[in-house]
Amino acid sequence: MEEIGFLGLGIMGKAMSMNLLRHGFKVTVWNRTLSRCDELVKHGATIGETPAAVIKKCKYTIAMLSDPAAALSVVFDQHGVLEQICSGKGYIDMSTVDAETSSKISEAITAKGGHFLEAPVSGSKKPAEDGQLVILAAGDKALYEAALPAFDVLGKKSFFLGQVGNGAKMKLVVNMIMGSMMNAFSEGLTLADKSGLSPQTLLDVLDLGAIANPMFKMKGPSMIQSSYPPAFPLKHQQKDMRLALALGDETSVPMPVAAAANEAFKKARSMGLGDLDFSAVHETVQSSKGSS
């Protein structure tokens, strides 16, 4: 797997393709806004003019796109993946999408003789830069084995979860829990503050107890400062809550906590916070707190 195609150079895709370049892989990149490729070219990447051109050049291509619509468009649109995918080529979609989108892409790729693996990741900007992602793969087992050298550079651990759709579902469950936790955390920080307690002391206490976790430790200090530099944009977190709730509909699982969290993220989007980090949902509690 010396030469890899990479489609999508957002926060995650850029960090991941940079990592591959640093570890000696030859990488051909494409992004809808082609100027995003410039920095990677400085580090040795080649540009593909279209997704089809990247697939034609590379035996294996990874995609890291923002949502189901983008993942489908890169595959099915004109000059898309399907125009060049064929026997002997592998397509690895690391975007966070629903199982139905993943299955649709998988069927189209395999119908052309190609191999497909879904491999969404747990982790945001910093883990992506540090090669510390958790990779949740499902689909073609042989392609998974072939991709492991790249996965070992991108992540700290890879799971093979069986049939296509299982990776997508696992990722949605993880992000649903994360989004619900972030809302409880935001309410707690605001409640401490409004009750005359130091939010920083709350962070210190939490960090010593059973619910200590890296997310509170990493996001808490900047949330107290009302600073939300985007590691994982709030609009993507809300999309994942929506897709997780749809999975709950399909499986008849009641999810009142996740549903309430989703409403808070929607409120944050309506306040214009969609491009900030998902921790900016804190502002929805802050804005409704009034004066004490």
# chains A, B, ... in the order shown; residues from 1 in each chain; ligands from 1
call {"tool": "residues_around", "arguments": {"residues": "range 4-11 of chain A", "least_positions_apart": "4", "cutoff": "6 Å", "atoms": "only C-alpha atoms", "output": "number ranges by chain"}}
result
A: 27-31, 54, 58, 60-65
call {"tool": "select_by_dssp", "arguments": {"residues": "range 16-48 of chain A", "states": "alpha helix (DSSP H)", "output": "PyMOL selection string"}}
result
chain A and resi 16-22+38-42
call {"tool": "write_last_selection", "arguments": {"atoms": "C-alpha atoms", "output": "compact mmCIF listing (two decimals), in the first residue's frame"}}
result
# COMPACT_ATOMS: atom_id res chain seq x y z
CA MET A 16 -4.53 12.19 8.21
CA SER A 17 -3.01 12.63 4.75
CA MET A 18 -0.18 14.68 6.28
CA ASN A 19 0.54 11.75 8.61
CA LEU A 20 0.66 9.30 5.70
CA LEU A 21 3.12 11.59 3.85
CA ARG A 22 5.30 11.89 6.96
CA ASP A 38 -1.63 23.28 -1.77
CA GLU A 39 -0.15 22.76 1.69
CA LEU A 40 -0.03 18.98 1.18
CA VAL A 41 1.71 19.41 -2.18
CA LYS A 42 4.48 21.28 -0.30
call {"tool": "closest_atom_pairs", "arguments": {"of": "range 164-211 of chain A", "to": "range 124-146 of chain A", "cutoff": "10 Å", "atoms": "only C-alpha atoms", "output": "CSV"}}
result
residue,atom,partner,partner_atom,distance
A:Val164,CA,A:Gly139,CA,4.5
A:Gly165,CA,A:Ala138,CA,7.0
A:Asn166,CA,A:Ala138,CA,6.1
A:Gly167,CA,A:Leu136,CA,5.1
A:Ala168,CA,A:Leu136,CA,7.9
A:Lys169,CA,A:Leu136,CA,9.5
A:Met170,CA,A:Leu136,CA,7.3
A:Lys171,CA,A:Leu136,CA,7.1
call {"tool": "write_last_selection", "arguments": {"atoms": "all heavy atoms", "output": "tab-separated table (two decimals), in the first residue's frame"}}
result
chain	number	residue	atom	x	y	z
A	164	VAL	N	-20.55	-4.60	6.35
A	164	VAL	CA	-20.73	-3.17	6.10
A	164	VAL	C	-21.97	-2.67	6.84
A	164	VAL	O	-23.02	-3.29	6.81
A	164	VAL	CB	-20.88	-2.89	4.58
A	164	VAL	CG1	-21.35	-1.47	4.33
A	164	VAL	CG2	-19.55	-3.14	3.87
A	165	GLY	N	-21.83	-1.53	7.48
A	165	GLY	CA	-22.92	-0.96	8.29
A	165	GLY	C	-22.56	-0.99	9.77
A	165	GLY	O	-22.93	-0.10	10.53
A	166	ASN	N	-21.79	-2.02	10.17
A	166	ASN	CA	-21.45	-2.14	11.59
A	166	ASN	C	-20.48	-1.05	12.05
A	166	ASN	O	-20.55	-0.59	13.19
A	166	ASN	CB	-20.85	-3.51	11.89
A	166	ASN	CG	-21.89	-4.61	11.85
A	166	ASN	OD1	-23.08	-4.34	11.73
A	166	ASN	ND2	-21.46	-5.85	11.97
A	167	GLY	N	-19.58	-0.64	11.16
A	167	GLY	CA	-18.66	0.45	11.49
A	167	GLY	C	-19.42	1.74	11.69
A	167	GLY	O	-19.22	2.47	12.67
A	168	ALA	N	-20.33	2.03	10.75
A	168	ALA	CA	-21.15	3.24	10.82
A	168	ALA	C	-21.98	3.26	12.11
A	168	ALA	O	-22.03	4.27	12.81
A	168	ALA	CB	-22.08	3.32	9.60
A	169	LYS	N	-22.59	2.12	12.43
A	169	LYS	CA	-23.45	2.06	13.63
A	169	LYS	C	-22.63	2.27	14.90
A	169	LYS	O	-23.05	3.01	15.80
A	169	LYS	CB	-24.18	0.72	13.69
A	169	LYS	CG	-25.27	0.57	12.62
A	169	LYS	CD	-25.83	-0.85	12.62
A	169	LYS	CE	-26.78	-1.07	11.46
A	169	LYS	NZ	-27.17	-2.48	11.34
A	170	MET	N	-21.47	1.62	14.98
A	170	MET	CA	-20.62	1.77	16.17
A	170	MET	C	-20.21	3.23	16.34
A	170	MET	O	-20.25	3.79	17.45
A	170	MET	CB	-19.38	0.87	16.05
A	170	MET	CG	-18.45	0.95	17.25
A	170	MET	SD	-19.14	0.23	18.76
A	170	MET	CE	-18.72	-1.50	18.53
A	171	LYS	N	-19.84	3.88	15.25
A	171	LYS	CA	-19.42	5.29	15.31
A	171	LYS	C	-20.57	6.17	15.80
A	171	LYS	O	-20.37	7.09	16.60
A	171	LYS	CB	-18.94	5.74	13.92
A	171	LYS	CG	-18.58	7.22	13.83
A	171	LYS	CD	-17.35	7.57	14.67
A	171	LYS	CE	-17.29	9.04	15.01
A	171	LYS	NZ	-16.75	9.89	13.99
call {"tool": "closest_residue", "arguments": {"among": "A:Pro214, A:Gly272, A:Pro51, A:Pro68", "to": "Leu243 in chain A", "atoms": "only C-alpha atoms"}}
result
A:Pro68
call {"tool": "closest_residue", "arguments": {"among": "A:Lys239, A:Lys104, A:Lys89, A:His79", "to": "Met176 in chain A", "atoms": "only C-alpha atoms"}}
result
A:Lys239
call {"tool": "select_by_dssp", "arguments": {"residues": "range 35-201 of chain A", "states": "strand (DSSP E)", "output": "ChimeraX atom specification"}}
result
/A:46-47,60-63,90-93,115-118,121-122,133-139,155-160
call {"tool": "write_last_selection", "arguments": {"atoms": "C-alpha atoms", "output": "PDB file, in the first residue's frame"}}
result
ATOM      1  CA  THR A  46       0.315  14.957  -5.838  1.00  0.00           C
ATOM      2  CA  ILE A  47      -3.035  16.473  -6.846  1.00  0.00           C
ATOM      3  CA  TYR A  60      -6.239   2.093  -2.748  1.00  0.00           C
ATOM      4  CA  THR A  61      -8.160   5.289  -2.044  1.00  0.00           C
ATOM      5  CA  ILE A  62      -9.342   6.681   1.313  1.00  0.00           C
ATOM      6  CA  ALA A  63     -12.216   9.181   1.620  1.00  0.00           C
ATOM      7  CA  GLY A  90     -10.013  -0.744  -3.024  1.00  0.00           C
ATOM      8  CA  TYR A  91     -12.111   2.160  -1.670  1.00  0.00           C
ATOM      9  CA  ILE A  92     -12.015   2.937   2.059  1.00  0.00           C
ATOM     10  CA  ASP A  93     -14.610   5.431   3.298  1.00  0.00           C
ATOM     11  CA  HIS A 115     -13.414  -3.776  -2.881  1.00  0.00           C
ATOM     12  CA  PHE A 116     -15.067  -1.665  -0.172  1.00  0.00           C
ATOM     13  CA  LEU A 117     -14.317  -1.007   3.474  1.00  0.00           C
ATOM     14  CA  GLU A 118     -16.069   1.484   5.731  1.00  0.00           C
ATOM     15  CA  VAL A 121     -12.871   6.939  13.207  1.00  0.00           C
ATOM     16  CA  SER A 122     -13.297   7.901  16.827  1.00  0.00           C
ATOM     17  CA  LEU A 133      -7.458   7.666  16.074  1.00  0.00           C
ATOM     18  CA  VAL A 134      -9.562   4.584  16.795  1.00  0.00           C
ATOM     19  CA  ILE A 135     -10.593   2.981  13.484  1.00  0.00           C
ATOM     20  CA  LEU A 136     -13.964   1.187  13.272  1.00  0.00           C
ATOM     21  CA  ALA A 137     -13.792  -0.868  10.082  1.00  0.00           C
ATOM     22  CA  ALA A 138     -16.287  -3.219   8.445  1.00  0.00           C
ATOM     23  CA  GLY A 139     -16.719  -4.805   5.015  1.00  0.00           C
ATOM     24  CA  GLY A 155      -4.638   5.246  14.485  1.00  0.00           C
ATOM     25  CA  LYS A 156      -3.674   3.663  17.772  1.00  0.00           C
ATOM     26  CA  LYS A 157      -6.111   0.760  17.373  1.00  0.00           C
ATOM     27  CA  SER A 158      -8.221  -0.717  14.570  1.00  0.00           C
ATOM     28  CA  PHE A 159     -11.319  -2.872  15.012  1.00  0.00           C
ATOM     29  CA  PHE A 160     -12.792  -5.105  12.304  1.00  0.00           C
TER      30      PHE A 160
END
call {"tool": "closest_residue", "arguments": {"among": "A:Met241, A:Ile224, A:Leu154, A:Ala53", "to": "Glu187 in chain A", "atoms": "only C-alpha atoms"}}
result
A:Ile224
call {"tool": "residues_around", "arguments": {"residues": "Pro233 in chain A", "least_positions_apart": "6", "cutoff": "7 Å", "atoms": "only C-alpha atoms", "output": "MDAnalysis selection string"}}
result
chainID A and resid 274:278
call {"tool": "write_last_selection", "arguments": {"atoms": "N, CA and C atoms", "output": "PDB file, in the first residue's frame"}}
result
ATOM      1  N   GLY A 274     -22.539  26.650  14.554  1.00  0.00           N
ATOM      2  CA  GLY A 274     -22.299  25.375  13.865  1.00  0.00           C
ATOM      3  C   GLY A 274     -20.858  25.088  13.475  1.00  0.00           C
ATOM      4  N   ASP A 275     -20.090  26.138  13.170  1.00  0.00           N
ATOM      5  CA  ASP A 275     -18.702  25.931  12.738  1.00  0.00           C
ATOM      6  C   ASP A 275     -17.712  25.913  13.907  1.00  0.00           C
ATOM      7  N   LEU A 276     -18.186  26.246  15.099  1.00  0.00           N
ATOM      8  CA  LEU A 276     -17.321  26.161  16.284  1.00  0.00           C
ATOM      9  C   LEU A 276     -17.254  24.710  16.759  1.00  0.00           C
ATOM     10  N   ASP A 277     -16.420  24.451  17.756  1.00  0.00           N
ATOM     11  CA  ASP A 277     -16.332  23.106  18.315  1.00  0.00           C
ATOM     12  C   ASP A 277     -17.670  22.698  18.935  1.00  0.00           C
ATOM     13  N   PHE A 278     -17.924  21.398  19.002  1.00  0.00           N
ATOM     14  CA  PHE A 278     -19.209  20.933  19.542  1.00  0.00           C
ATOM     15  C   PHE A 278     -19.394  21.305  21.011  1.00  0.00           C
TER      16      PHE A 278
END
call {"tool": "decode", "arguments": {"residues": "range 11-43 of chain A", "atoms": "N, CA and C atoms", "output": "PDB file, in the first residue's frame"}}
result
ATOM      1  N   ILE A  11     -10.653  19.277   8.314  1.00  0.00           N
ATOM      2  CA  ILE A  11      -9.841  19.207   9.539  1.00  0.00           C
ATOM      3  C   ILE A  11      -9.196  17.825   9.673  1.00  0.00           C
ATOM      4  N   MET A  12     -10.007  16.764   9.455  1.00  0.00           N
ATOM      5  CA  MET A  12      -9.523  15.405   9.660  1.00  0.00           C
ATOM      6  C   MET A  12      -8.675  14.920   8.485  1.00  0.00           C
ATOM      7  N   GLY A  13      -9.193  15.072   7.281  1.00  0.00           N
ATOM      8  CA  GLY A  13      -8.515  14.560   6.091  1.00  0.00           C
ATOM      9  C   GLY A  13      -7.128  15.151   5.905  1.00  0.00           C
ATOM     10  N   LYS A  14      -7.020  16.449   6.192  1.00  0.00           N
ATOM     11  CA  LYS A  14      -5.723  17.118   6.050  1.00  0.00           C
ATOM     12  C   LYS A  14      -4.710  16.518   7.030  1.00  0.00           C
ATOM     13  N   ALA A  15      -5.116  16.368   8.291  1.00  0.00           N
ATOM     14  CA  ALA A  15      -4.210  15.826   9.312  1.00  0.00           C
ATOM     15  C   ALA A  15      -3.818  14.385   8.982  1.00  0.00           C
ATOM     16  N   MET A  16      -4.776  13.606   8.497  1.00  0.00           N
ATOM     17  CA  MET A  16      -4.526  12.191   8.214  1.00  0.00           C
ATOM     18  C   MET A  16      -3.611  12.013   7.007  1.00  0.00           C
ATOM     19  N   SER A  17      -3.858  12.772   5.939  1.00  0.00           N
ATOM     20  CA  SER A  17      -3.012  12.630   4.749  1.00  0.00           C
ATOM     21  C   SER A  17      -1.592  13.141   5.032  1.00  0.00           C
ATOM     22  N   MET A  18      -1.496  14.173   5.874  1.00  0.00           N
ATOM     23  CA  MET A  18      -0.180  14.684   6.276  1.00  0.00           C
ATOM     24  C   MET A  18       0.607  13.586   7.010  1.00  0.00           C
ATOM     25  N   ASN A  19      -0.075  12.864   7.872  1.00  0.00           N
ATOM     26  CA  ASN A  19       0.539  11.752   8.605  1.00  0.00           C
ATOM     27  C   ASN A  19       1.061  10.671   7.670  1.00  0.00           C
ATOM     28  N   LEU A  20       0.248  10.330   6.670  1.00  0.00           N
ATOM     29  CA  LEU A  20       0.658   9.305   5.695  1.00  0.00           C
ATOM     30  C   LEU A  20       1.921   9.761   4.951  1.00  0.00           C
ATOM     31  N   LEU A  21       1.949  11.049   4.553  1.00  0.00           N
ATOM     32  CA  LEU A  21       3.124  11.588   3.853  1.00  0.00           C
ATOM     33  C   LEU A  21       4.366  11.519   4.746  1.00  0.00           C
ATOM     34  N   ARG A  22       4.177  11.904   6.008  1.00  0.00           N
ATOM     35  CA  ARG A  22       5.301  11.889   6.957  1.00  0.00           C
ATOM     36  C   ARG A  22       5.884  10.494   7.141  1.00  0.00           C
ATOM     37  N   HIS A  23       5.026   9.475   6.982  1.00  0.00           N
ATOM     38  CA  HIS A  23       5.490   8.095   7.179  1.00  0.00           C
ATOM     39  C   HIS A  23       5.889   7.412   5.867  1.00  0.00           C
ATOM     40  N   GLY A  24       6.129   8.229   4.831  1.00  0.00           N
ATOM     41  CA  GLY A  24       6.724   7.684   3.619  1.00  0.00           C
ATOM     42  C   GLY A  24       5.758   7.151   2.571  1.00  0.00           C
ATOM     43  N   PHE A  25       4.447   7.313   2.789  1.00  0.00           N
ATOM     44  CA  PHE A  25       3.494   6.907   1.747  1.00  0.00           C
ATOM     45  C   PHE A  25       3.466   7.971   0.651  1.00  0.00           C
ATOM     46  N   LYS A  26       3.276   7.518  -0.581  1.00  0.00           N
ATOM     47  CA  LYS A  26       3.005   8.459  -1.680  1.00  0.00           C
ATOM     48  C   LYS A  26       1.502   8.703  -1.659  1.00  0.00           C
ATOM     49  N   VAL A  27       1.101   9.975  -1.627  1.00  0.00           N
ATOM     50  CA  VAL A  27      -0.321  10.286  -1.497  1.00  0.00           C
ATOM     51  C   VAL A  27      -0.776  11.209  -2.623  1.00  0.00           C
ATOM     52  N   THR A  28      -1.881  10.833  -3.294  1.00  0.00           N
ATOM     53  CA  THR A  28      -2.510  11.696  -4.296  1.00  0.00           C
ATOM     54  C   THR A  28      -3.809  12.215  -3.701  1.00  0.00           C
ATOM     55  N   VAL A  29      -3.940  13.538  -3.599  1.00  0.00           N
ATOM     56  CA  VAL A  29      -5.069  14.139  -2.878  1.00  0.00           C
ATOM     57  C   VAL A  29      -6.045  14.840  -3.812  1.00  0.00           C
ATOM     58  N   TRP A  30      -7.290  14.876  -3.369  1.00  0.00           N
ATOM     59  CA  TRP A  30      -8.326  15.662  -4.050  1.00  0.00           C
ATOM     60  C   TRP A  30      -9.208  16.303  -2.993  1.00  0.00           C
ATOM     61  N   ASN A  31      -9.645  17.526  -3.266  1.00  0.00           N
ATOM     62  CA  ASN A  31     -10.616  18.189  -2.408  1.00  0.00           C
ATOM     63  C   ASN A  31     -11.517  19.031  -3.301  1.00  0.00           C
ATOM     64  N   ARG A  32     -12.785  19.160  -2.895  1.00  0.00           N
ATOM     65  CA  ARG A  32     -13.740  19.920  -3.709  1.00  0.00           C
ATOM     66  C   ARG A  32     -13.189  21.322  -3.989  1.00  0.00           C
ATOM     67  N   THR A  33     -12.659  21.981  -2.939  1.00  0.00           N
ATOM     68  CA  THR A  33     -11.946  23.249  -3.124  1.00  0.00           C
ATOM     69  C   THR A  33     -10.475  22.876  -3.294  1.00  0.00           C
ATOM     70  N   LEU A  34      -9.976  22.886  -4.533  1.00  0.00           N
ATOM     71  CA  LEU A  34      -8.648  22.340  -4.828  1.00  0.00           C
ATOM     72  C   LEU A  34      -7.511  23.078  -4.113  1.00  0.00           C
ATOM     73  N   SER A  35      -7.732  24.371  -3.765  1.00  0.00           N
ATOM     74  CA  SER A  35      -6.673  25.142  -3.100  1.00  0.00           C
ATOM     75  C   SER A  35      -6.286  24.534  -1.745  1.00  0.00           C
ATOM     76  N   ARG A  36      -7.212  23.754  -1.172  1.00  0.00           N
ATOM     77  CA  ARG A  36      -6.919  23.062   0.100  1.00  0.00           C
ATOM     78  C   ARG A  36      -5.757  22.065  -0.042  1.00  0.00           C
ATOM     79  N   CYS A  37      -5.473  21.671  -1.290  1.00  0.00           N
ATOM     80  CA  CYS A  37      -4.411  20.684  -1.544  1.00  0.00           C
ATOM     81  C   CYS A  37      -3.016  21.295  -1.476  1.00  0.00           C
ATOM     82  N   ASP A  38      -2.936  22.620  -1.600  1.00  0.00           N
ATOM     83  CA  ASP A  38      -1.629  23.277  -1.774  1.00  0.00           C
ATOM     84  C   ASP A  38      -0.621  22.927  -0.675  1.00  0.00           C
ATOM     85  N   GLU A  39      -1.066  23.010   0.579  1.00  0.00           N
ATOM     86  CA  GLU A  39      -0.147  22.756   1.694  1.00  0.00           C
ATOM     87  C   GLU A  39       0.402  21.321   1.650  1.00  0.00           C
ATOM     88  N   LEU A  40      -0.458  20.381   1.242  1.00  0.00           N
ATOM     89  CA  LEU A  40      -0.028  18.978   1.178  1.00  0.00           C
ATOM     90  C   LEU A  40       0.960  18.752   0.042  1.00  0.00           C
ATOM     91  N   VAL A  41       0.788  19.510  -1.044  1.00  0.00           N
ATOM     92  CA  VAL A  41       1.714  19.408  -2.180  1.00  0.00           C
ATOM     93  C   VAL A  41       3.124  19.821  -1.729  1.00  0.00           C
ATOM     94  N   LYS A  42       3.185  20.851  -0.856  1.00  0.00           N
ATOM     95  CA  LYS A  42       4.478  21.284  -0.303  1.00  0.00           C
ATOM     96  C   LYS A  42       5.160  20.143   0.458  1.00  0.00           C
ATOM     97  N   HIS A  43       4.358  19.243   1.005  1.00  0.00           N
ATOM     98  CA  HIS A  43       4.906  18.114   1.766  1.00  0.00           C
ATOM     99  C   HIS A  43       5.036  16.848   0.914  1.00  0.00           C
TER     100      HIS A  43
END
